[in-house]
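*Asks:* Once you've had a glance at the structure underneath, I'll fire off some questions.
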Amino acid sequence: MTKNILVLAGDGIGPEVCAQAVRVLKKLTGSAFTYSEALIGGAAYDAVGTPFPADTLAKAKEADAILLGAVGGPKWEKLDYSVRPERALLGIRKELGLFANLRPAIVFEALVEASSLKPELVAGLDLMIVRELTGGIYFGEPRGVTTLPNGDRKGINTEVYTTPEIRRIAKVAFELAAKRGGKVCSVDKANVLEATELWREEVIHISKDYPKIELSHMYVDNAAMQLVRTPKQFDVMVTTNMFGDILSDIASMLTGSLGMLPSASLGAKQENGKQHALYEPVHGSAPDIAGKGIANPIATILSAAMMLRYSFDMKKEADALEAAIKKVLGQGIRTGDIMQDGMKKIGTTEMGDAILAAL
Ligand code: IPM
Ligand code: MG
């Protein structure tokens with residue numbers, strides 16, 4: 001049966017950047033896939049009163065892979081927490097069991113100057129952050145805000161990790177490292193938080209199955225510092241949900257633009273061989289530039305390349321797509337967010353055109 005890609009364009013620039021990624025996918029893969037669409041985020045809230053409709057969940061469970069644009073925007077910021085667009089992201093991660101979030105930070109040669117760090121610190125950077133995505137403080141119970149008898153209010157969130165949760169994400173990190181630079185740095189706060197003391201013990205336990213991989217450990221505060229000091233020391237970093245959220249934003253800025261970074265969120269392989277997977281750009285919905293046709297579609301197109309690589313084993317096509325993007329950047333073509341002196345500034349669709357032409 002033809003494989004199906006579900007496109008969840010979402011809010012802000014989401015629809016614009018997804019449209020370009022779908023164009024590129026169609027050109028690259030012909031009729032290999034069918035495409036369907038569903039509502040998510042603020043767009044879904046406006047249409048049906050919830051950011052993550054049951055119909056969207058059903059389609060997501062059926063799909064062979066999901067391409068997501070972005071969710072959220074000022075229009076929905078005042079809504080109750082339970083119906084905020086961001087809840088849809090947490091919901092889809094949890095419902096599909098997308099526990100492994102892969103966030104590569106790659107510096108393209110043509111963009112070395114765009115980084116906020118000195119060129120020699122970031123040239124050639126190729127780092128992969130593996131963030132645990134369905135556990136930890138994002139989902140731990142108890143949680144919430146309560147009022148104490150004396151009228152004071154109390155807010156609680158709970159960092160929780162079990163051994164299976166840690167072991168499966170550690171395996172993902174070691175497997176990836178084996179195909180890359182052979183190094184894993186596990187990031188925790190084991191000097192203070194017991195849950196991450198367990199994290200460290202379990203990562204060490206799994207490392208025994210990967211004797212060729214060099215394992216190191218870092219406290220998260222030090223890791224944040226090292227990322228901006230000497231980022232090239234890292235190959236694969238594996239960490240908890242919240243630490244991964246923070247460190248991946250730091251890592252993204254090393255590359256010069258959030259508009260360049262893709263991500264993959266993967267579930268466990270099921271018995272029938274199926275694996276839920278969602279691909280999305282790391283940048284958000286960028287409401288300030290939405291609808292203007294100026295957003296950078298490269299992060300979404302690179303997310304499509306990750307989809308070809310991880311969900312469909314289409315390495316050749318993924319390589320070709322990444323090469324086409326490098327070529328276009330080499331030609332001096334830029335969207336506004338990565339604009340440099342002397343380069344040619346173009347919009348979202350023109351960037352899609354240029355990448356199609358380079359394929
Ligand atoms: C991310 C985002 C989300 C997160 C928000 C929007 C819920 O920051 O994907 O990194 O915290 O996971
Ligand atoms: Mg984040």
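Identifiers for the structure tokens are assigned positionally: chains receive A, B, ... in sequence, residues are indexed from 1 per chain, and ligands are indexed from 1 in the order shown.
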Return as a PyMOL selection string every polymer residue, whether protein, DNA or RNA, with at least one atom no more than 10 Å from an atom of ligand 1; count only C-alpha atoms and all ligand atoms.
*Replies:* chain A and resi 70-72+84-91+93+101+103+131+133-134+138+241-249+263+265+280-285
*Asks:* How about saving the chosen residues, N, CA, C and O atoms kept, as a compact mmCIF listing (two decimals), in the first residue's frame?
*Replies:*
# COMPACT_ATOMS: atom_id res chain seq x y z
N ALA A 70 3.98 24.32 12.74
CA ALA A 70 4.19 24.98 14.03
C ALA A 70 2.85 25.24 14.66
O ALA A 70 1.83 25.27 13.97
N VAL A 71 2.83 25.40 15.98
CA VAL A 71 1.58 25.76 16.64
C VAL A 71 1.79 26.97 17.55
O VAL A 71 2.89 27.23 18.01
N GLY A 72 0.69 27.69 17.78
CA GLY A 72 0.73 28.78 18.75
C GLY A 72 0.80 30.16 18.12
O GLY A 72 1.02 30.31 16.93
N ARG A 84 -4.63 25.52 25.16
CA ARG A 84 -3.59 26.26 24.43
C ARG A 84 -3.04 25.40 23.30
O ARG A 84 -2.94 24.18 23.43
N PRO A 85 -2.66 26.04 22.20
CA PRO A 85 -2.10 25.30 21.06
C PRO A 85 -0.96 24.35 21.45
O PRO A 85 -0.87 23.23 20.95
N GLU A 86 -0.09 24.80 22.38
CA GLU A 86 1.06 23.98 22.78
C GLU A 86 0.63 22.65 23.39
O GLU A 86 1.37 21.66 23.35
N ARG A 87 -0.59 22.61 23.96
CA ARG A 87 -1.07 21.36 24.54
C ARG A 87 -1.17 20.27 23.47
O ARG A 87 -1.04 19.09 23.75
N ALA A 88 -1.45 20.70 22.24
CA ALA A 88 -1.56 19.73 21.15
C ALA A 88 -0.23 19.04 20.90
O ALA A 88 -0.17 17.84 20.62
N LEU A 89 0.86 19.81 21.02
CA LEU A 89 2.19 19.23 20.81
C LEU A 89 2.48 18.18 21.87
O LEU A 89 2.91 17.06 21.59
N LEU A 90 2.20 18.55 23.14
CA LEU A 90 2.44 17.61 24.23
C LEU A 90 1.53 16.39 24.07
O LEU A 90 1.93 15.26 24.31
N GLY A 91 0.29 16.66 23.62
CA GLY A 91 -0.69 15.58 23.44
C GLY A 91 -0.26 14.59 22.38
O GLY A 91 -0.31 13.38 22.58
N ARG A 93 2.73 14.05 21.21
CA ARG A 93 3.94 13.33 21.65
C ARG A 93 3.56 12.17 22.55
O ARG A 93 4.03 11.04 22.39
N ASN A 101 13.40 12.43 20.75
CA ASN A 101 13.43 13.67 19.97
C ASN A 101 14.86 13.93 19.51
O ASN A 101 15.76 14.14 20.33
N ARG A 103 17.41 16.27 17.66
CA ARG A 103 17.58 17.66 17.23
C ARG A 103 19.01 17.91 16.79
O ARG A 103 19.88 18.23 17.61
N ARG A 131 16.79 14.19 22.93
CA ARG A 131 16.00 14.65 24.07
C ARG A 131 14.89 13.64 24.36
O ARG A 131 14.13 13.28 23.46
N LEU A 133 11.32 12.71 25.36
CA LEU A 133 10.22 13.62 25.03
C LEU A 133 8.88 13.29 25.65
O LEU A 133 7.93 14.05 25.53
N THR A 134 8.74 12.16 26.31
CA THR A 134 7.41 11.83 26.84
C THR A 134 7.42 11.59 28.35
O THR A 134 6.47 11.03 28.89
N TYR A 138 7.82 17.30 32.40
CA TYR A 138 6.74 17.73 31.52
C TYR A 138 5.44 16.96 31.78
O TYR A 138 4.36 17.45 31.48
N ASN A 241 13.82 15.47 29.27
CA ASN A 241 12.89 16.30 28.52
C ASN A 241 13.17 17.80 28.72
O ASN A 241 13.36 18.55 27.76
N MET A 242 13.24 18.23 29.96
CA MET A 242 13.41 19.67 30.19
C MET A 242 14.83 20.15 29.86
O MET A 242 14.99 21.20 29.24
N PHE A 243 15.84 19.38 30.26
CA PHE A 243 17.20 19.82 29.93
C PHE A 243 17.38 19.85 28.41
O PHE A 243 18.05 20.73 27.86
N GLY A 244 16.75 18.90 27.73
CA GLY A 244 16.86 18.84 26.26
C GLY A 244 16.16 20.03 25.61
O GLY A 244 16.61 20.54 24.58
N ASP A 245 15.07 20.46 26.20
CA ASP A 245 14.37 21.64 25.69
C ASP A 245 15.31 22.84 25.71
O ASP A 245 15.44 23.58 24.74
N ILE A 246 15.98 23.01 26.83
CA ILE A 246 16.83 24.18 27.02
C ILE A 246 18.11 24.08 26.18
O ILE A 246 18.46 25.00 25.44
N LEU A 247 18.78 22.93 26.28
CA LEU A 247 20.06 22.79 25.57
C LEU A 247 19.87 22.84 24.06
O LEU A 247 20.75 23.34 23.34
N SER A 248 18.73 22.36 23.57
CA SER A 248 18.56 22.37 22.11
C SER A 248 18.33 23.80 21.60
O SER A 248 18.68 24.10 20.46
N ASP A 249 17.77 24.67 22.41
CA ASP A 249 17.68 26.07 21.99
C ASP A 249 19.07 26.70 21.94
O ASP A 249 19.38 27.48 21.03
N SER A 263 13.84 18.63 13.08
CA SER A 263 13.83 17.68 14.19
C SER A 263 12.97 16.47 13.84
O SER A 263 12.11 16.55 12.95
N SER A 265 10.80 13.26 15.91
CA SER A 265 10.34 12.67 17.16
C SER A 265 9.84 11.27 16.86
O SER A 265 8.88 11.11 16.10
N GLU A 280 9.38 17.97 12.43
CA GLU A 280 8.99 19.39 12.48
C GLU A 280 10.20 20.29 12.58
O GLU A 280 11.22 19.91 13.14
N PRO A 281 10.08 21.51 12.05
CA PRO A 281 11.15 22.48 12.23
C PRO A 281 11.21 22.88 13.70
O PRO A 281 10.19 22.86 14.39
N VAL A 282 12.39 23.24 14.18
CA VAL A 282 12.54 23.62 15.59
C VAL A 282 11.97 25.02 15.84
O VAL A 282 11.48 25.32 16.91
N HIS A 283 12.01 25.88 14.81
CA HIS A 283 11.46 27.23 15.01
C HIS A 283 9.96 27.13 15.27
O HIS A 283 9.32 26.16 14.89
N GLY A 284 9.40 28.12 15.87
CA GLY A 284 7.97 28.11 16.16
C GLY A 284 7.16 28.70 15.02
O GLY A 284 7.57 28.65 13.85
N SER A 285 6.02 29.28 15.38
CA SER A 285 5.06 29.73 14.39
C SER A 285 5.37 31.14 13.86
O SER A 285 4.74 31.57 12.90
*Asks:* List every residue of region 196-279 of chain A that DSSP, applied to the backbone of this structure, assigns to strand (DSSP E or B), and report them as a VMD selection string.
*Replies:* chain A and resid 214 to 219 236 to 239 262 to 266 277 to 279
*Asks:* How about saving the chosen residues, N, CA, C and O atoms kept, as a PDB file, in the first residue's frame?
*Replies:*
ATOM      1  N   GLU A 214      32.274   5.940  23.204  1.00  0.00           N
ATOM      2  CA  GLU A 214      32.890   6.645  24.334  1.00  0.00           C
ATOM      3  C   GLU A 214      31.789   7.422  25.069  1.00  0.00           C
ATOM      4  O   GLU A 214      31.156   8.298  24.502  1.00  0.00           O
ATOM      5  N   LEU A 215      31.574   7.061  26.331  1.00  0.00           N
ATOM      6  CA  LEU A 215      30.515   7.716  27.118  1.00  0.00           C
ATOM      7  C   LEU A 215      31.116   8.701  28.108  1.00  0.00           C
ATOM      8  O   LEU A 215      32.073   8.389  28.816  1.00  0.00           O
ATOM      9  N   SER A 216      30.536   9.906  28.153  1.00  0.00           N
ATOM     10  CA  SER A 216      30.913  10.858  29.201  1.00  0.00           C
ATOM     11  C   SER A 216      29.637  11.384  29.851  1.00  0.00           C
ATOM     12  O   SER A 216      28.540  11.192  29.329  1.00  0.00           O
ATOM     13  N   HIS A 217      29.796  12.016  31.003  1.00  0.00           N
ATOM     14  CA  HIS A 217      28.656  12.581  31.729  1.00  0.00           C
ATOM     15  C   HIS A 217      28.941  14.040  32.042  1.00  0.00           C
ATOM     16  O   HIS A 217      30.075  14.384  32.336  1.00  0.00           O
ATOM     17  N   MET A 218      27.906  14.840  32.012  1.00  0.00           N
ATOM     18  CA  MET A 218      28.089  16.246  32.352  1.00  0.00           C
ATOM     19  C   MET A 218      26.870  16.730  33.121  1.00  0.00           C
ATOM     20  O   MET A 218      25.745  16.344  32.788  1.00  0.00           O
ATOM     21  N   TYR A 219      27.108  17.571  34.114  1.00  0.00           N
ATOM     22  CA  TYR A 219      25.985  18.250  34.753  1.00  0.00           C
ATOM     23  C   TYR A 219      25.458  19.293  33.775  1.00  0.00           C
ATOM     24  O   TYR A 219      26.218  19.888  33.005  1.00  0.00           O
ATOM     25  N   VAL A 236      27.016  13.123  20.145  1.00  0.00           N
ATOM     26  CA  VAL A 236      25.615  12.947  20.531  1.00  0.00           C
ATOM     27  C   VAL A 236      25.486  13.340  21.999  1.00  0.00           C
ATOM     28  O   VAL A 236      26.281  12.910  22.832  1.00  0.00           O
ATOM     29  N   MET A 237      24.500  14.169  22.300  1.00  0.00           N
ATOM     30  CA  MET A 237      24.179  14.486  23.701  1.00  0.00           C
ATOM     31  C   MET A 237      22.821  13.867  23.994  1.00  0.00           C
ATOM     32  O   MET A 237      21.887  14.031  23.204  1.00  0.00           O
ATOM     33  N   VAL A 238      22.695  13.169  25.120  1.00  0.00           N
ATOM     34  CA  VAL A 238      21.399  12.591  25.464  1.00  0.00           C
ATOM     35  C   VAL A 238      20.971  13.145  26.822  1.00  0.00           C
ATOM     36  O   VAL A 238      21.778  13.228  27.748  1.00  0.00           O
ATOM     37  N   THR A 239      19.715  13.560  26.912  1.00  0.00           N
ATOM     38  CA  THR A 239      19.296  14.183  28.166  1.00  0.00           C
ATOM     39  C   THR A 239      17.785  14.146  28.363  1.00  0.00           C
ATOM     40  O   THR A 239      17.038  13.661  27.518  1.00  0.00           O
ATOM     41  N   PRO A 262      15.986  21.248  11.703  1.00  0.00           N
ATOM     42  CA  PRO A 262      14.910  20.264  11.645  1.00  0.00           C
ATOM     43  C   PRO A 262      14.863  19.446  12.934  1.00  0.00           C
ATOM     44  O   PRO A 262      15.754  19.543  13.779  1.00  0.00           O
ATOM     45  N   SER A 263      13.836  18.632  13.084  1.00  0.00           N
ATOM     46  CA  SER A 263      13.829  17.684  14.194  1.00  0.00           C
ATOM     47  C   SER A 263      12.966  16.474  13.838  1.00  0.00           C
ATOM     48  O   SER A 263      12.108  16.554  12.954  1.00  0.00           O
ATOM     49  N   ALA A 264      13.243  15.390  14.529  1.00  0.00           N
ATOM     50  CA  ALA A 264      12.447  14.176  14.376  1.00  0.00           C
ATOM     51  C   ALA A 264      12.039  13.714  15.759  1.00  0.00           C
ATOM     52  O   ALA A 264      12.833  13.789  16.698  1.00  0.00           O
ATOM     53  N   SER A 265      10.796  13.259  15.905  1.00  0.00           N
ATOM     54  CA  SER A 265      10.337  12.674  17.165  1.00  0.00           C
ATOM     55  C   SER A 265       9.844  11.273  16.859  1.00  0.00           C
ATOM     56  O   SER A 265       8.882  11.108  16.102  1.00  0.00           O
ATOM     57  N   LEU A 266      10.522  10.293  17.433  1.00  0.00           N
ATOM     58  CA  LEU A 266      10.272   8.903  17.053  1.00  0.00           C
ATOM     59  C   LEU A 266       9.688   8.098  18.203  1.00  0.00           C
ATOM     60  O   LEU A 266      10.069   8.276  19.355  1.00  0.00           O
ATOM     61  N   ALA A 277       6.210   8.502  13.845  1.00  0.00           N
ATOM     62  CA  ALA A 277       7.287   9.482  13.713  1.00  0.00           C
ATOM     63  C   ALA A 277       6.729  10.819  13.262  1.00  0.00           C
ATOM     64  O   ALA A 277       5.873  10.874  12.373  1.00  0.00           O
ATOM     65  N   LEU A 278       7.216  11.856  13.891  1.00  0.00           N
ATOM     66  CA  LEU A 278       6.764  13.205  13.575  1.00  0.00           C
ATOM     67  C   LEU A 278       7.988  14.076  13.297  1.00  0.00           C
ATOM     68  O   LEU A 278       8.961  14.041  14.051  1.00  0.00           O
ATOM     69  N   TYR A 279       7.911  14.840  12.232  1.00  0.00           N
ATOM     70  CA  TYR A 279       9.040  15.676  11.820  1.00  0.00           C
ATOM     71  C   TYR A 279       8.598  17.128  11.818  1.00  0.00           C
ATOM     72  O   TYR A 279       7.539  17.442  11.275  1.00  0.00           O
TER      73      TYR A 279
END
*Asks:* Would you mind telling me which residue in A:Ala299, A:Ala290, A:Ala251, A:Ala21 lies nearest to ligand 2 when using only C-alpha atoms and all ligand atoms?
*Replies:*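 Of A:Ala299, A:Ala290, A:Ala251, A:Ala21, the one nearest ligand 2 is A:Ala251, counting only C-alpha atoms and all ligand atoms.
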*Asks:* Mind giving me the straight-line distance from CA of Asp235 (chain A) to CA of Ile204 (chain A) in Å, one decimal?
*Replies:* 17.3 Å
*Asks:* Taking the backbone alone, and naming residues the way the document does, which bits of region 250-288 of chain A are alpha helix (DSSP H) by DSSP, as a ChimeraX atom specification?
*Replies:* /A:250-254
*Asks:* Output all heavy atoms for every residue in that selection, as a PDB file, in the first residue's frame.
*Replies:*
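File written: out_27.pdb
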ATOM      1  N   ILE A 250      19.889  26.392  22.918  1.00  0.00           N
ATOM      2  CA  ILE A 250      21.265  26.926  22.901  1.00  0.00           C
ATOM      3  C   ILE A 250      21.982  26.422  21.646  1.00  0.00           C
ATOM      4  O   ILE A 250      22.573  27.194  20.898  1.00  0.00           O
ATOM      5  CB  ILE A 250      22.073  26.479  24.139  1.00  0.00           C
ATOM      6  CG1 ILE A 250      21.403  26.958  25.420  1.00  0.00           C
ATOM      7  CG2 ILE A 250      23.509  27.006  24.052  1.00  0.00           C
ATOM      8  CD1 ILE A 250      22.162  26.568  26.681  1.00  0.00           C
ATOM      9  N   ALA A 251      21.878  25.109  21.424  1.00  0.00           N
ATOM     10  CA  ALA A 251      22.589  24.506  20.293  1.00  0.00           C
ATOM     11  C   ALA A 251      22.121  25.105  18.975  1.00  0.00           C
ATOM     12  O   ALA A 251      22.909  25.317  18.055  1.00  0.00           O
ATOM     13  CB  ALA A 251      22.388  22.994  20.295  1.00  0.00           C
ATOM     14  N   SER A 252      20.819  25.393  18.900  1.00  0.00           N
ATOM     15  CA  SER A 252      20.292  25.904  17.642  1.00  0.00           C
ATOM     16  C   SER A 252      20.923  27.252  17.299  1.00  0.00           C
ATOM     17  O   SER A 252      21.204  27.538  16.143  1.00  0.00           O
ATOM     18  CB  SER A 252      18.777  26.032  17.724  1.00  0.00           C
ATOM     19  OG  SER A 252      18.414  27.088  18.587  1.00  0.00           O
ATOM     20  N   MET A 253      21.151  28.054  18.311  1.00  0.00           N
ATOM     21  CA  MET A 253      21.695  29.389  18.040  1.00  0.00           C
ATOM     22  C   MET A 253      23.148  29.338  17.592  1.00  0.00           C
ATOM     23  O   MET A 253      23.628  30.244  16.915  1.00  0.00           O
ATOM     24  CB  MET A 253      21.530  30.261  19.284  1.00  0.00           C
ATOM     25  CG  MET A 253      21.330  31.723  18.963  1.00  0.00           C
ATOM     26  SD  MET A 253      20.125  31.967  17.636  1.00  0.00           S
ATOM     27  CE  MET A 253      21.009  33.096  16.584  1.00  0.00           C
ATOM     28  N   LEU A 254      23.847  28.255  17.925  1.00  0.00           N
ATOM     29  CA  LEU A 254      25.227  28.106  17.463  1.00  0.00           C
ATOM     30  C   LEU A 254      25.280  28.090  15.948  1.00  0.00           C
ATOM     31  O   LEU A 254      26.268  28.464  15.331  1.00  0.00           O
ATOM     32  CB  LEU A 254      25.835  26.794  17.985  1.00  0.00           C
ATOM     33  CG  LEU A 254      25.859  26.589  19.497  1.00  0.00           C
ATOM     34  CD1 LEU A 254      26.376  25.202  19.821  1.00  0.00           C
ATOM     35  CD2 LEU A 254      26.713  27.654  20.159  1.00  0.00           C
TER      36      LEU A 254
END
*Asks:* Pick out the residues sitting within 10 Å of region 58-67 of chain A, and hand them over as a PDB file with C-alpha atoms, in the first residue's frame; count only C-alpha atoms, and ignore anything fewer than 4 positions along from it in its own chain.
*Replies:*
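What ended up in out-v5.pdb:
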ATOM      1  CA  THR A   2       1.136   3.542  -0.689  1.00  0.00           C
ATOM      2  CA  LYS A   3       2.558   5.175   2.402  1.00  0.00           C
ATOM      3  CA  ASN A   4       0.710   8.146   3.805  1.00  0.00           C
ATOM      4  CA  ILE A   5       2.222  11.377   5.065  1.00  0.00           C
ATOM      5  CA  LEU A   6      -0.015  13.423   7.329  1.00  0.00           C
ATOM      6  CA  VAL A   7       0.624  17.154   7.110  1.00  0.00           C
ATOM      7  CA  LEU A   8      -0.278  19.128  10.236  1.00  0.00           C
ATOM      8  CA  ALA A   9       0.465  22.648   9.055  1.00  0.00           C
ATOM      9  CA  CYS A  18       4.926  22.936   4.992  1.00  0.00           C
ATOM     10  CA  ALA A  21       8.380  20.852   1.977  1.00  0.00           C
ATOM     11  CA  VAL A  22       5.503  18.976   0.332  1.00  0.00           C
ATOM     12  CA  PHE A  33       3.370   8.791  -0.964  1.00  0.00           C
ATOM     13  CA  THR A  34      -0.150  10.007  -0.486  1.00  0.00           C
ATOM     14  CA  TYR A  35      -0.664  13.187   1.515  1.00  0.00           C
ATOM     15  CA  SER A  36      -3.442  14.012   3.921  1.00  0.00           C
ATOM     16  CA  GLU A  37      -4.079  16.975   6.187  1.00  0.00           C
ATOM     17  CA  ALA A  38      -5.589  17.622   9.601  1.00  0.00           C
ATOM     18  CA  PRO A  53      -9.130  17.108  17.838  1.00  0.00           C
ATOM     19  CA  ALA A  54      -9.866  13.375  18.037  1.00  0.00           C
ATOM     20  CA  ILE A  92       0.530  14.184  20.156  1.00  0.00           C
ATOM     21  CA  GLU A  95      -0.473   9.749  22.560  1.00  0.00           C
ATOM     22  CA  LEU A  96       1.865   8.440  19.874  1.00  0.00           C
ATOM     23  CA  ALA A 264      12.447  14.176  14.376  1.00  0.00           C
ATOM     24  CA  SER A 265      10.337  12.674  17.165  1.00  0.00           C
ATOM     25  CA  LEU A 266      10.272   8.903  17.053  1.00  0.00           C
ATOM     26  CA  LYS A 274       5.434   0.303  12.235  1.00  0.00           C
ATOM     27  CA  GLN A 275       7.006   3.254  14.047  1.00  0.00           C
ATOM     28  CA  HIS A 276       5.212   6.504  14.764  1.00  0.00           C
ATOM     29  CA  ALA A 277       7.287   9.482  13.713  1.00  0.00           C
ATOM     30  CA  LEU A 278       6.764  13.205  13.575  1.00  0.00           C
ATOM     31  CA  TYR A 279       9.040  15.676  11.820  1.00  0.00           C
ATOM     32  CA  GLU A 280       8.992  19.387  12.481  1.00  0.00           C
ATOM     33  CA  PRO A 281      11.152  22.477  12.233  1.00  0.00           C
ATOM     34  CA  THR A 300      10.911  22.157   7.325  1.00  0.00           C
ATOM     35  CA  ILE A 301      12.512  20.871   4.143  1.00  0.00           C
ATOM     36  CA  SER A 303      12.741  17.861   8.448  1.00  0.00           C
ATOM     37  CA  ALA A 304      11.345  16.218   5.317  1.00  0.00           C
ATOM     38  CA  MET A 307      11.613  11.801   7.354  1.00  0.00           C
ATOM     39  CA  LEU A 308      12.986  10.185   4.198  1.00  0.00           C
ATOM     40  CA  TYR A 310      14.388   7.692   9.349  1.00  0.00           C
ATOM     41  CA  SER A 311      10.847   6.669   8.347  1.00  0.00           C
ATOM     42  CA  PHE A 312      11.324   5.482   4.786  1.00  0.00           C
TER      43      PHE A 312
END
*Asks:* Got a sec: who's within 12 Å of Asp46 (chain A), counting only C-alpha atoms, leaving out chain neighbours fewer than 2 positions off, as a ChimeraX atom specification?
*Replies:* /A:10-11,39-44,48-53,72,75-76,79,83-85
*Asks:* Could you write those residues out with C-alpha atoms, as a short mmCIF file (atom, residue, chain, number, x, y, z; two decimals), in the first residue's frame?
*Replies:*
data_model
loop_
_atom_site.label_atom_id
_atom_site.label_comp_id
_atom_site.auth_asym_id
_atom_site.auth_seq_id
_atom_site.Cartn_x
_atom_site.Cartn_y
_atom_site.Cartn_z
CA GLY A 10 -0.79 24.37 12.21
CA ASP A 11 -0.39 28.09 12.87
CA LEU A 39 -6.03 20.50 12.01
CA ILE A 40 -3.78 21.17 14.98
CA GLY A 41 -3.01 24.03 17.38
CA GLY A 42 -4.76 27.39 17.27
CA ALA A 43 -6.17 26.63 13.82
CA ALA A 44 -7.89 23.57 15.27
CA VAL A 48 -13.56 23.00 16.45
CA GLY A 49 -12.80 24.35 19.94
CA THR A 50 -9.84 22.11 20.81
CA PRO A 51 -6.18 22.30 19.74
CA PHE A 52 -5.89 18.52 19.30
CA PRO A 53 -9.13 17.11 17.84
CA GLY A 72 0.73 28.78 18.75
CA LYS A 75 -4.09 35.12 19.41
CA TRP A 76 -4.34 32.06 21.69
CA LEU A 79 -6.69 30.79 26.55
CA VAL A 83 -6.78 24.38 25.31
CA ARG A 84 -3.59 26.26 24.43
CA PRO A 85 -2.10 25.30 21.06
#
*Asks:* Using only C-alpha atoms, which residue out of A:Val17, A:Ala195, A:Met351, A:Leu258 lies closest to Thr158 (chain A)?
*Replies:*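 Distance minimum relative to Thr158 (chain A) lands on A:Ala195.
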*Asks:* Quick one: residues within 12 Å of Ile338 (chain A), only C-alpha atoms counted, chain neighbours fewer than 4 positions away excluded, as a ChimeraX atom specification?
*Replies:* /A:108,110-115,255-260,294-298,329,332-334,343-347
*Asks:* Using only C-alpha atoms, which residues sit within 12 Å of Thr230 (chain A) once same-chain residues fewer than 4 positions away are excluded, as a count of residues only?
*Replies:* 18
*Asks:* Give the answer as one residue: which of A:Pro211, A:Pro104, A:Gly144, A:Gly352 has the shortest atom-to-atom distance to Val328 (chain A), using only C-alpha atoms?
*Replies:*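 The answer is A:Gly352, which sits nearest to Val328 (chain A).
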*Asks:* Any idea what's packed within 12 Å of Glu194 (chain A), counting only C-alpha atoms, ignoring anything in its chain fewer than 3 positions away? Could you give it as a ChimeraX atom specification?
*Replies:* /A:158-162,188-191,197-201
*Asks:* Please produce a file of the residues just selected, as a tab-separated table (two decimals), in the first residue's frame, where the atoms kept are N, CA and C atoms.
*Replies:*
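As a result, result00.tsv now contains:
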chain	number	residue	atom	x	y	z
A	158	THR	N	6.69	17.63	38.87
A	158	THR	CA	7.47	16.52	39.41
A	158	THR	C	8.36	15.90	38.33
A	159	GLU	N	9.64	15.80	38.62
A	159	GLU	CA	10.55	15.12	37.71
A	159	GLU	C	10.51	13.62	38.01
A	160	VAL	N	10.05	12.82	37.06
A	160	VAL	CA	9.97	11.37	37.27
A	160	VAL	C	10.60	10.64	36.10
A	161	TYR	N	11.45	9.69	36.37
A	161	TYR	CA	11.94	8.79	35.32
A	161	TYR	C	12.01	7.36	35.83
A	162	THR	N	11.56	6.43	35.00
A	162	THR	CA	11.67	5.01	35.35
A	162	THR	C	12.79	4.38	34.52
A	188	ASP	N	22.95	15.42	32.93
A	188	ASP	CA	22.03	15.24	34.06
A	188	ASP	C	22.32	16.28	35.14
A	189	LYS	N	21.69	16.14	36.26
A	189	LYS	CA	21.99	16.97	37.43
A	189	LYS	C	22.05	16.00	38.61
A	190	ALA	N	22.89	14.98	38.42
A	190	ALA	CA	22.94	13.87	39.38
A	190	ALA	C	23.48	14.30	40.74
A	191	ASN	N	24.12	15.47	40.80
A	191	ASN	CA	24.62	15.95	42.10
A	191	ASN	C	23.50	16.51	42.98
A	197	GLU	N	20.08	11.01	39.03
A	197	GLU	CA	21.12	10.09	39.50
A	197	GLU	C	20.80	8.71	38.92
A	198	LEU	N	19.51	8.37	38.96
A	198	LEU	CA	19.06	7.12	38.34
A	198	LEU	C	19.35	7.16	36.84
A	199	TRP	N	19.10	8.31	36.23
A	199	TRP	CA	19.37	8.49	34.80
A	199	TRP	C	20.81	8.09	34.50
A	200	ARG	N	21.73	8.62	35.27
A	200	ARG	CA	23.15	8.35	35.02
A	200	ARG	C	23.46	6.86	35.17
A	201	GLU	N	22.93	6.26	36.24
A	201	GLU	CA	23.18	4.82	36.47
A	201	GLU	C	22.68	3.97	35.30
*Asks:* Ranking A:Thr147, A:Ser207, A:Thr335, A:Asn157 by minimum distance to Val172 (chain A) and counting only C-alpha atoms, which one comes first?
*Replies:*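 Comparing A:Thr147, A:Ser207, A:Thr335, A:Asn157 against Val172 (chain A), the winner is A:Ser207.
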*Asks:* Of the residues A:Arg229, A:Lys94, A:Arg167, A:Arg153, which is the one nearest to Phe139 (chain A), using only C-alpha atoms?
*Replies:*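 When distances to Phe139 (chain A) are compared using only C-alpha atoms, the smallest one comes from A:Lys94.
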